Amino acid sequence: MTKTRNLYIETFGCQMNERDSEIMAQLMSQAAYLETASPEEADCIVVNTCSIRGKAAQKAYSLLGGYRRLKKRRPDLVIAVAGCVAQQDGESLLKKMPHLDLVIGPQNIYRLPELVEAARWQASRTTATELTKDFVIPPFLPKMDGSGAPHKRFVTIMQGCNNFCTYCVVPHTRGREVSRKPEDIINEVRHLAEHGVREVTLLGQNVNSYGQDRNPATLAENGGGDDFPSLLRAVAAVDGIRRVRFTTSHPKDLSARLISCFAELEKLCPHFHLPVQSGSDRILARMNRKYTRADYLAKVSELRRVRPDIAITTDLIIGFPGEGEDDFADTMELVNFVRYDSAFSFKYSDRPNAAATAFTDKVSEEIKSRRLTLLQQRQDEISGEISQAMVGHTVEVMVEGKSKNAGEQWSGRTPTNRIVNFSSQQPLSPGQFIDIYLEEACRHSLRGRIV
């Protein structure tokens with residue numbers, strides 16, 4: 001009988017990392033590892049890292065350093081670091097942290113069980129960070145055993161990026177774009193729907209360019225498509241799925257065919273995360289974003305023409321090298337004009353291998369902090385105004401579960417991805433759809449009552 005061991009996974013970063021951690025947990029379960037909520041109880045610890053910003057990488061380093069005492073107490077404990085920091089720093093991690101056993105890049109997570117066993121029985125310390133042009137994302141069906149959300153799931157459709165924005169490490173840590181086979185994606189979505197999942201979010205570093213890396217002769221198999229709009233239509237056609245979302249998109253690859261999907265596909269949620277990064281043409285050029293402010297605004301205008309109720313969210317980098325007061329003013333003007341539902345905004349930080357690290361005209365931390373505060377204050381005002389305008393309307397909400405608030409409070413999300421809290425005397429289930437009359441706009445959510 002195979003001995004059962006315990007697995008602990010700590011995840012930093014984006015939805016791609018969350019999905020990678022789910023895959024690693026499932027692969028390890030097939031090797032008789034059960035997930036535990038405590039690193040002290042684990043026989044194997046995996047820290048899945050993010051290096052998109054300096055703060056996330058430092059958090060991972062700090063956590064890994066703290067596990068030194070566990071390894072000292074239990075030498076048979078296998079400690080692995082995965083994800084983008086693992087890919088970025090490679091073998092140097094083993095030198096910096098002698099208590100680490102494995103360093104595994106994103107393309108190698110499917111080898112995790114064999115690498116862990118080799119580390120355990122052969123006492124070998126291994127770096128698996130190869131990035132290959134011929135990498136193929138393996139077919140993978142999630143195990144529906146009660147772990148993970150019962151009503152919504154992430155589905156990876158591609159990984160890597162070809163854009164080489166000057167601030168970004170992704171092409172160096174996840175490699176070039178690799179699209180998953182469309183039939184594998186559709187099979188996974190069908191599998192999820194058959195097990196009660198009602199909402200899927202399609203994931204990739206740049207989903208808009210899905211399929212561009214593949215040979216056209218091999219595409220359009222088993223209901224899949226040769227590009228992202230075709231794939232979206234195939235996913236939306238799966239019985240049982242009620243909502244479809246996707247992230248993240250690069251504005252330069254946003255096509256008219258994709259925009260039309262928001263008018264034509266009822267299941268496609270009216271929510272689009274479209275990172276702009278800056279409102280200044282000069283800074284956009286330095287970032288190597290390959291679009292102008294006017295290009296971006298034209299696409300926003302077309303999205304709102306075909307789907308007037310669409311919620312647009314974005315990413316913004318503040319204090320990119322060379323950003324002057326006029327450039328920041330352009331960003332503030334853009335935010336005021338577009339009126340994003342929400343924005344993820346961050347201070348620029350140098351990242352290893354990114355071209356902007358070599359730029360000499362850095363912006364001081366003091367100026368970056370001041371500008372970020374001004375931007376976030378204004379965005380909070382806009383988000384609040386949009387929330388207030390929703391009061392008095394009835395919206396369809398998908399139940400997420402019990403609210404963090406006390407009493408018989410429940411929480412759900414609108415198609416535009418807004419959180420709604422409401423009361424219910426009757427038990428509800430995640431994935432249930434109900435109509436809510438919105439009565440109050442709170443700081444980061446809405447409050448209402450069941451119709």
# chains A, B, ... in the order shown; residues from 1 in each chain; ligands from 1
>>> residues_around(residues="Arg370 in chain A", least_positions_apart="5", cutoff="10 Å", atoms="only C-alpha atoms", output="PyMOL selection string")
chain A and resi 318-319+365+375
>>> write_last_selection(atoms="N, CA and C atoms", output="compact mmCIF listing (two decimals), in the first residue's frame")
# COMPACT_ATOMS: atom_id res chain seq x y z
N ILE A 318 2.80 53.50 -12.25
CA ILE A 318 3.09 54.89 -11.91
C ILE A 318 4.60 55.04 -11.66
N GLY A 319 5.19 56.10 -12.23
CA GLY A 319 6.60 56.37 -12.00
C GLY A 319 7.53 55.55 -12.86
N GLU A 365 11.24 57.61 -5.27
CA GLU A 365 10.17 56.94 -4.54
C GLU A 365 9.17 57.95 -3.99
N LEU A 375 -3.62 59.24 -7.88
CA LEU A 375 -4.34 58.39 -8.82
C LEU A 375 -5.36 57.51 -8.11
>>> residues_around(residues="range 111-128 of chain A", least_positions_apart="2", cutoff="9 Å", atoms="only C-alpha atoms", output="mmCIF file with C-alpha atoms, in the first residue's frame")
data_model
loop_
_atom_site.group_PDB
_atom_site.id
_atom_site.type_symbol
_atom_site.label_atom_id
_atom_site.label_comp_id
_atom_site.auth_asym_id
_atom_site.auth_seq_id
_atom_site.Cartn_x
_atom_site.Cartn_y
_atom_site.Cartn_z
ATOM 1 C CA MET A 24 0.432 20.736 -8.945
ATOM 2 C CA LEU A 27 -0.624 15.809 -9.746
ATOM 3 C CA MET A 28 0.721 15.287 -6.248
ATOM 4 C CA GLN A 30 -2.081 11.096 -7.768
ATOM 5 C CA ALA A 31 1.234 10.359 -6.036
ATOM 6 C CA CYS A 44 6.519 18.472 0.924
ATOM 7 C CA ASP A 76 13.364 14.426 5.052
ATOM 8 C CA LEU A 77 11.051 17.394 4.340
ATOM 9 C CA VAL A 78 11.172 18.306 0.622
ATOM 10 C CA ILE A 79 10.996 22.068 -0.051
ATOM 11 C CA ALA A 80 10.374 23.280 -3.618
ATOM 12 C CA ALA A 86 12.170 30.005 -9.658
ATOM 13 C CA GLN A 87 12.528 30.517 -13.413
ATOM 14 C CA GLY A 90 17.249 29.309 -11.168
ATOM 15 C CA GLU A 91 20.229 27.547 -9.633
ATOM 16 C CA LEU A 94 19.905 26.575 -4.333
ATOM 17 C CA LEU A 100 15.860 24.144 -0.723
ATOM 18 C CA ASP A 101 15.598 20.872 -2.652
ATOM 19 C CA LEU A 102 13.885 21.865 -5.919
ATOM 20 C CA VAL A 103 13.641 24.896 -8.215
ATOM 21 C CA ILE A 104 10.903 24.392 -10.828
ATOM 22 C CA GLY A 105 9.958 26.797 -13.639
ATOM 23 C CA GLN A 107 6.950 24.786 -17.973
ATOM 24 C CA ASN A 108 8.133 22.016 -15.636
ATOM 25 C CA ILE A 109 5.337 21.884 -13.043
ATOM 26 C CA GLU A 130 14.240 24.693 -19.155
#
>>> residues_around(residues="Phe346 in chain A", least_positions_apart="5", cutoff="9 Å", atoms="only C-alpha atoms", output="list in words")
Arg53, Asp315, Leu316, Ile317, Ile318, Gly319 and Leu372 of chain A
>>> write_last_selection(atoms="C-alpha atoms", output="PDB file, in the first residue's frame")
ATOM      1  CA  ARG A  53       6.750  43.132  -8.880  1.00  0.00           C
ATOM      2  CA  ASP A 315      -3.640  48.173 -14.873  1.00  0.00           C
ATOM      3  CA  LEU A 316      -1.535  51.316 -14.403  1.00  0.00           C
ATOM      4  CA  ILE A 317       2.182  51.657 -13.679  1.00  0.00           C
ATOM      5  CA  ILE A 318       3.095  54.888 -11.911  1.00  0.00           C
ATOM      6  CA  GLY A 319       6.603  56.371 -11.997  1.00  0.00           C
ATOM      7  CA  LEU A 372       0.110  56.882  -6.860  1.00  0.00           C
TER       8      LEU A 372
END
>>> residues_around(residues="range 185-190 of chain A", least_positions_apart="4", cutoff="8 Å", atoms="only C-alpha atoms", output="list in words")
Phe140, Leu141, Pro142, Val155, Thr156, Ile157, Arg180, Lys181, Glu194, Val200, Gly223, Gly224, Ala234, Val235, Val238 and Asp239 of chain A
>>> closest_residue(among="A:Met144, A:Met158, A:Val306, A:Leu374", to="Met332 in chain A", atoms="only C-alpha atoms")
A:Leu374
>>> atom_distance(atom1="CA of Gly175 in chain A", atom2="CA of Gln159 in chain A")
7.9 Å
>>> closest_residue(among="A:Ser278, A:Ser403, A:Asn288, A:Ser301", to="Ala256 in chain A", atoms="only C-alpha atoms")
A:Ser301
>>> closest_residue(among="A:Ser342, A:Ser147, A:Ser364, A:Asn163", to="Gly324 in chain A", atoms="only C-alpha atoms")
A:Ser364
>>> select_by_dssp(residues="range 16-93 of chain A", states="alpha helix (DSSP H)", output="PyMOL selection string")
chain A and resi 16-29+54-66+68-73+84-89+92-93
>>> write_last_selection(atoms="C-alpha atoms", output="PDB file, in the first residue's frame")
ATOM      1  CA  MET A  16      -2.176  31.790 -13.715  1.00  0.00           C
ATOM      2  CA  ASN A  17      -0.220  30.929 -10.567  1.00  0.00           C
ATOM      3  CA  GLU A  18      -3.418  29.956  -8.759  1.00  0.00           C
ATOM      4  CA  ARG A  19      -4.295  27.575 -11.568  1.00  0.00           C
ATOM      5  CA  ASP A  20      -0.738  26.189 -11.671  1.00  0.00           C
ATOM      6  CA  SER A  21      -0.978  25.466  -7.933  1.00  0.00           C
ATOM      7  CA  GLU A  22      -4.245  23.592  -8.469  1.00  0.00           C
ATOM      8  CA  ILE A  23      -2.568  21.498 -11.167  1.00  0.00           C
ATOM      9  CA  MET A  24       0.432  20.736  -8.945  1.00  0.00           C
ATOM     10  CA  ALA A  25      -1.862  19.730  -6.059  1.00  0.00           C
ATOM     11  CA  GLN A  26      -3.791  17.358  -8.319  1.00  0.00           C
ATOM     12  CA  LEU A  27      -0.624  15.809  -9.746  1.00  0.00           C
ATOM     13  CA  MET A  28       0.721  15.287  -6.248  1.00  0.00           C
ATOM     14  CA  SER A  29      -2.586  13.751  -5.104  1.00  0.00           C
ATOM     15  CA  GLY A  54       9.537  43.390  -6.367  1.00  0.00           C
ATOM     16  CA  LYS A  55       7.242  43.187  -3.325  1.00  0.00           C
ATOM     17  CA  ALA A  56       5.781  39.811  -4.359  1.00  0.00           C
ATOM     18  CA  ALA A  57       9.250  38.360  -4.928  1.00  0.00           C
ATOM     19  CA  GLN A  58      10.472  39.600  -1.531  1.00  0.00           C
ATOM     20  CA  LYS A  59       7.475  38.028   0.216  1.00  0.00           C
ATOM     21  CA  ALA A  60       8.336  34.693  -1.375  1.00  0.00           C
ATOM     22  CA  TYR A  61      12.000  34.975  -0.371  1.00  0.00           C
ATOM     23  CA  SER A  62      11.000  35.786   3.208  1.00  0.00           C
ATOM     24  CA  LEU A  63       8.655  32.810   3.419  1.00  0.00           C
ATOM     25  CA  LEU A  64      11.235  30.432   1.952  1.00  0.00           C
ATOM     26  CA  GLY A  65      13.827  31.646   4.411  1.00  0.00           C
ATOM     27  CA  GLY A  66      11.477  30.931   7.294  1.00  0.00           C
ATOM     28  CA  ARG A  68      14.916  26.745   7.172  1.00  0.00           C
ATOM     29  CA  ARG A  69      13.981  25.816  10.746  1.00  0.00           C
ATOM     30  CA  LEU A  70      11.486  23.180   9.536  1.00  0.00           C
ATOM     31  CA  LYS A  71      14.128  21.570   7.332  1.00  0.00           C
ATOM     32  CA  LYS A  72      16.606  21.560  10.204  1.00  0.00           C
ATOM     33  CA  ARG A  73      14.092  19.787  12.419  1.00  0.00           C
ATOM     34  CA  CYS A  84       8.398  32.935 -11.947  1.00  0.00           C
ATOM     35  CA  VAL A  85      10.995  33.601  -9.226  1.00  0.00           C
ATOM     36  CA  ALA A  86      12.170  30.005  -9.658  1.00  0.00           C
ATOM     37  CA  GLN A  87      12.528  30.517 -13.413  1.00  0.00           C
ATOM     38  CA  GLN A  88      14.164  33.917 -12.980  1.00  0.00           C
ATOM     39  CA  ASP A  89      16.757  32.993 -10.339  1.00  0.00           C
ATOM     40  CA  SER A  92      21.268  30.613  -7.649  1.00  0.00           C
ATOM     41  CA  LEU A  93      18.332  29.890  -5.323  1.00  0.00           C
TER      42      LEU A  93
END
